[in-house]
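Trainee: This structure is in structure tokens; I'll ask about it shortly.
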Amino acid sequence: MNQNVLLTIAASVGLLAGAGGTWFATSTSSKEVEVVSKEVIAAFIRADPSLCPIPTVEAPTQAAALSAYLKAYAESPLVWDRENLPEITLALGQCDKARSGPGVACMISVKMGPQAQPLDRMVGCAKAASGAWIATLN
């Protein structure tokens, strides 16, 4: 085939492709967009909560957190009198996924005796292979 004929065919195909692409890009769609209000979305989620799954974090119970904290406290190198440990009580607060390692990070309120003022602390908690919770004191 002559080179001019091939060039003419290629140019024609290019023009047709360009025209078709332009028509496709500028043609109007037959579907219309409907704006949905927050109330409608909330009603759908209330009707079927699986539409908006809430990520859950496995956190220790109050008793498991206290047990893990007492063990970590007793093993801490900062505790010098292991024979006379204080009467520790703990209130477990909010827990969230730990950013630096396995487990969760929990806010706790610790009292180091019946008359002591509560101290708010961040404690790391993770499950051991045995299933028991282990605490890391920060």
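By order of appearance in the structure tokens: chains A, B, ..., then residues from 1 within every chain, and ligands from 1 in the order shown.
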Write out as a PyMOL selection string which residues come within 10 Å of range 103-110 of chain A when counting only C-alpha atoms, dropping same-chain ones fewer than 4 positions away.
Mentor: chain A and resi 57-60+62+65-66+69+88-99+116-128+133-136
Trainee: Take the residues from that selection and write them out as a compact mmCIF listing (two decimals), in the first residue's frame, keeping N, CA, C and O atoms.
Mentor:
# COMPACT_ATOMS: atom_id res chain seq x y z
N VAL A 57 -12.63 -2.57 69.79
CA VAL A 57 -11.32 -2.89 70.34
C VAL A 57 -11.54 -3.83 71.51
O VAL A 57 -12.36 -3.56 72.39
N GLU A 58 -10.81 -4.93 71.53
CA GLU A 58 -10.90 -5.84 72.67
C GLU A 58 -10.10 -5.23 73.82
O GLU A 58 -8.90 -5.00 73.69
N ALA A 59 -10.78 -4.96 74.90
CA ALA A 59 -10.16 -4.32 76.06
C ALA A 59 -10.35 -5.21 77.29
O ALA A 59 -11.28 -6.00 77.35
N PRO A 60 -9.47 -5.06 78.28
CA PRO A 60 -9.61 -5.87 79.49
C PRO A 60 -10.81 -5.41 80.32
O PRO A 60 -11.25 -4.26 80.22
N GLN A 62 -12.54 -4.65 84.09
CA GLN A 62 -12.03 -3.94 85.26
C GLN A 62 -11.16 -4.87 86.12
O GLN A 62 -10.07 -4.50 86.53
N ALA A 65 -7.87 -5.79 84.27
CA ALA A 65 -6.96 -4.64 84.26
C ALA A 65 -6.31 -4.45 85.62
O ALA A 65 -5.10 -4.19 85.71
N LEU A 66 -7.08 -4.62 86.70
CA LEU A 66 -6.52 -4.49 88.04
C LEU A 66 -5.48 -5.57 88.30
O LEU A 66 -4.38 -5.30 88.81
N TYR A 69 -2.36 -4.78 86.28
CA TYR A 69 -1.67 -3.62 86.84
C TYR A 69 -0.93 -3.99 88.12
O TYR A 69 0.22 -3.59 88.32
N ILE A 88 -3.96 -1.04 96.28
CA ILE A 88 -4.21 -0.33 95.02
C ILE A 88 -5.63 -0.62 94.52
O ILE A 88 -6.05 -1.77 94.50
N THR A 89 -6.33 0.44 94.14
CA THR A 89 -7.62 0.29 93.46
C THR A 89 -7.50 0.99 92.12
O THR A 89 -6.71 1.92 91.95
N LEU A 90 -8.29 0.54 91.17
CA LEU A 90 -8.16 1.03 89.81
C LEU A 90 -9.54 1.23 89.20
O LEU A 90 -10.43 0.41 89.40
N ALA A 91 -9.71 2.31 88.47
CA ALA A 91 -10.93 2.54 87.68
C ALA A 91 -10.52 2.61 86.22
O ALA A 91 -9.68 3.43 85.83
N LEU A 92 -11.07 1.73 85.42
CA LEU A 92 -10.72 1.63 84.01
C LEU A 92 -11.51 2.65 83.20
O LEU A 92 -12.72 2.76 83.34
N GLY A 93 -10.79 3.40 82.37
CA GLY A 93 -11.43 4.39 81.50
C GLY A 93 -11.51 3.89 80.07
O GLY A 93 -11.64 2.70 79.81
N GLN A 94 -11.35 4.80 79.15
CA GLN A 94 -11.46 4.50 77.72
C GLN A 94 -10.20 3.78 77.23
O GLN A 94 -9.09 4.11 77.61
N CYS A 95 -10.39 2.78 76.36
CA CYS A 95 -9.28 2.05 75.75
C CYS A 95 -9.35 2.23 74.24
O CYS A 95 -10.43 2.31 73.66
N ASP A 96 -8.18 2.27 73.62
CA ASP A 96 -8.10 2.38 72.16
C ASP A 96 -6.91 1.58 71.68
O ASP A 96 -6.03 1.23 72.47
N LYS A 97 -6.87 1.28 70.40
CA LYS A 97 -5.78 0.49 69.81
C LYS A 97 -4.46 1.17 70.12
O LYS A 97 -4.31 2.37 69.95
N ALA A 98 -3.48 0.39 70.58
CA ALA A 98 -2.16 0.92 70.88
C ALA A 98 -1.45 1.28 69.59
O ALA A 98 -1.50 0.54 68.61
N ARG A 99 -0.77 2.41 69.58
CA ARG A 99 -0.06 2.85 68.38
C ARG A 99 1.33 2.22 68.28
O ARG A 99 1.88 2.11 67.20
N ALA A 116 -5.78 7.93 99.44
CA ALA A 116 -4.97 8.60 98.43
C ALA A 116 -5.85 9.26 97.36
O ALA A 116 -6.98 8.85 97.12
N GLN A 117 -5.30 10.28 96.73
CA GLN A 117 -5.96 10.94 95.61
C GLN A 117 -5.76 10.08 94.36
O GLN A 117 -4.69 9.51 94.16
N PRO A 118 -6.76 9.99 93.50
CA PRO A 118 -6.59 9.18 92.29
C PRO A 118 -5.61 9.85 91.32
O PRO A 118 -5.57 11.06 91.19
N LEU A 119 -4.80 9.01 90.67
CA LEU A 119 -3.86 9.46 89.66
C LEU A 119 -4.31 8.91 88.31
O LEU A 119 -4.54 7.72 88.17
N ASP A 120 -4.44 9.79 87.32
CA ASP A 120 -4.81 9.35 85.98
C ASP A 120 -3.54 8.96 85.22
O ASP A 120 -2.58 9.73 85.19
N ARG A 121 -3.55 7.76 84.64
CA ARG A 121 -2.38 7.24 83.94
C ARG A 121 -2.80 6.53 82.67
O ARG A 121 -3.91 6.02 82.58
N MET A 122 -1.85 6.45 81.75
CA MET A 122 -2.03 5.67 80.53
C MET A 122 -1.30 4.35 80.75
O MET A 122 -0.14 4.32 81.13
N VAL A 123 -2.01 3.24 80.51
CA VAL A 123 -1.44 1.91 80.71
C VAL A 123 -1.66 1.11 79.42
O VAL A 123 -2.74 1.14 78.84
N GLY A 124 -0.61 0.41 79.00
CA GLY A 124 -0.74 -0.48 77.85
C GLY A 124 -1.18 -1.85 78.32
O GLY A 124 -0.69 -2.35 79.33
N CYS A 125 -2.11 -2.46 77.64
CA CYS A 125 -2.59 -3.80 77.98
C CYS A 125 -2.61 -4.65 76.72
O CYS A 125 -3.05 -4.20 75.67
N ALA A 126 -2.11 -5.88 76.85
CA ALA A 126 -2.12 -6.82 75.73
C ALA A 126 -2.39 -8.20 76.28
O ALA A 126 -2.10 -8.51 77.43
N LYS A 127 -2.97 -9.05 75.44
CA LYS A 127 -3.26 -10.42 75.83
C LYS A 127 -2.04 -11.30 75.58
O LYS A 127 -1.46 -11.27 74.50
N ALA A 128 -1.69 -12.09 76.58
CA ALA A 128 -0.60 -13.06 76.44
C ALA A 128 -1.12 -14.28 75.69
O ALA A 128 -2.33 -14.42 75.46
N TRP A 133 -4.37 -11.00 80.61
CA TRP A 133 -3.97 -9.65 80.24
C TRP A 133 -2.66 -9.28 80.94
O TRP A 133 -2.46 -9.60 82.11
N ILE A 134 -1.79 -8.57 80.22
CA ILE A 134 -0.53 -8.11 80.77
C ILE A 134 -0.51 -6.60 80.60
O ILE A 134 -0.86 -6.07 79.53
N ALA A 135 -0.09 -5.89 81.64
CA ALA A 135 -0.04 -4.43 81.61
C ALA A 135 1.40 -3.95 81.51
O ALA A 135 2.31 -4.58 82.03
N THR A 136 1.58 -2.84 80.82
CA THR A 136 2.87 -2.15 80.78
C THR A 136 2.63 -0.76 81.33
O THR A 136 1.76 -0.04 80.86
Trainee: Could you give me, as a short mmCIF file (atom, residue, chain, number, x, y, z; two decimals) with C-alpha atoms, in the first residue's frame, each residue of chain A that DSSP assigns to alpha helix (DSSP H) when run on this structure's backbone?
Mentor:
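Result went into states_23.cif, see below:
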data_model
loop_
_atom_site.label_atom_id
_atom_site.label_comp_id
_atom_site.auth_asym_id
_atom_site.auth_seq_id
_atom_site.Cartn_x
_atom_site.Cartn_y
_atom_site.Cartn_z
CA GLN A 3 2.38 5.48 2.26
CA ASN A 4 -0.05 8.36 1.61
CA VAL A 5 -3.01 5.98 1.78
CA LEU A 6 -1.84 4.59 5.13
CA LEU A 7 -1.34 8.12 6.45
CA THR A 8 -4.86 9.12 5.32
CA ILE A 9 -6.39 6.03 6.98
CA ALA A 10 -4.54 6.72 10.26
CA ALA A 11 -5.62 10.37 10.26
CA SER A 12 -9.25 9.39 9.59
CA VAL A 13 -9.24 6.87 12.43
CA GLY A 14 -7.71 9.51 14.74
CA LEU A 15 -10.36 12.09 13.80
CA LEU A 16 -13.18 9.60 14.39
CA ALA A 17 -11.72 8.57 17.77
CA GLY A 18 -11.32 12.21 18.81
CA ALA A 19 -14.87 13.09 17.74
CA GLY A 20 -16.27 10.05 19.55
CA GLY A 21 -14.33 10.88 22.72
CA THR A 22 -15.53 14.49 22.62
CA TRP A 23 -19.13 13.38 22.15
CA PHE A 24 -18.79 10.88 25.04
CA ALA A 25 -17.28 13.51 27.35
CA THR A 26 -19.86 16.20 26.59
CA LYS A 38 -28.49 13.37 57.04
CA GLU A 39 -31.79 12.29 58.57
CA VAL A 40 -32.40 9.77 55.78
CA ILE A 41 -28.87 8.36 56.13
CA ALA A 42 -29.29 8.12 59.91
CA ALA A 43 -32.61 6.32 59.45
CA PHE A 44 -30.99 3.77 57.11
CA ILE A 45 -28.17 3.13 59.62
CA ARG A 46 -30.64 2.75 62.51
CA ALA A 47 -32.65 0.28 60.42
CA GLN A 62 -12.03 -3.94 85.26
CA ALA A 63 -10.89 -7.05 87.19
CA ALA A 64 -8.42 -8.15 84.47
CA ALA A 65 -6.96 -4.64 84.26
CA LEU A 66 -6.52 -4.49 88.04
CA SER A 67 -4.85 -7.91 88.12
CA ALA A 68 -2.49 -6.99 85.27
CA TYR A 69 -1.67 -3.62 86.84
CA LEU A 70 -0.95 -5.16 90.26
CA LYS A 71 1.38 -7.71 88.69
CA ALA A 72 3.20 -5.07 86.62
CA TYR A 73 3.47 -2.77 89.65
CA ALA A 74 4.88 -5.53 91.86
CA GLU A 75 7.48 -6.44 89.21
#
Trainee: DSSP on the backbone: which residues in chain A end up as strand (DSSP E or B)? Give the answer as number ranges by chain.
Mentor: A: 89-97, 104-111, 119-127, 133-137
Trainee: Include C-alpha atoms and write out the residues we just selected as a short mmCIF file (atom, residue, chain, number, x, y, z; two decimals), in the first residue's frame.
Mentor:
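Now in result-v3.cif:
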data_model
loop_
_atom_site.label_atom_id
_atom_site.label_comp_id
_atom_site.auth_asym_id
_atom_site.auth_seq_id
_atom_site.Cartn_x
_atom_site.Cartn_y
_atom_site.Cartn_z
CA THR A 89 -7.62 0.29 93.46
CA LEU A 90 -8.16 1.03 89.81
CA ALA A 91 -10.93 2.54 87.68
CA LEU A 92 -10.72 1.63 84.01
CA GLY A 93 -11.43 4.39 81.50
CA GLN A 94 -11.46 4.50 77.72
CA CYS A 95 -9.28 2.05 75.75
CA ASP A 96 -8.10 2.38 72.16
CA LYS A 97 -5.78 0.49 69.81
CA VAL A 104 -4.64 -1.46 73.67
CA ALA A 105 -3.78 1.69 75.54
CA CYS A 106 -6.19 2.46 78.39
CA MET A 107 -6.73 5.46 80.61
CA ILE A 108 -6.99 4.41 84.22
CA SER A 109 -7.45 6.16 87.52
CA VAL A 110 -5.26 4.58 90.21
CA LYS A 111 -5.50 5.04 93.97
CA LEU A 119 -3.86 9.46 89.66
CA ASP A 120 -4.81 9.35 85.98
CA ARG A 121 -2.38 7.24 83.94
CA MET A 122 -2.03 5.67 80.53
CA VAL A 123 -1.44 1.91 80.71
CA GLY A 124 -0.74 -0.48 77.85
CA CYS A 125 -2.59 -3.80 77.98
CA ALA A 126 -2.12 -6.82 75.73
CA LYS A 127 -3.26 -10.42 75.83
CA TRP A 133 -3.97 -9.65 80.24
CA ILE A 134 -0.53 -8.11 80.77
CA ALA A 135 -0.04 -4.43 81.61
CA THR A 136 2.87 -2.15 80.78
CA LEU A 137 3.24 0.91 82.97
#
Trainee: Hey, can you check how far CA of Ser37 in chain A sits from CA of Pro55 in chain A?
Mentor: 24.4 Å
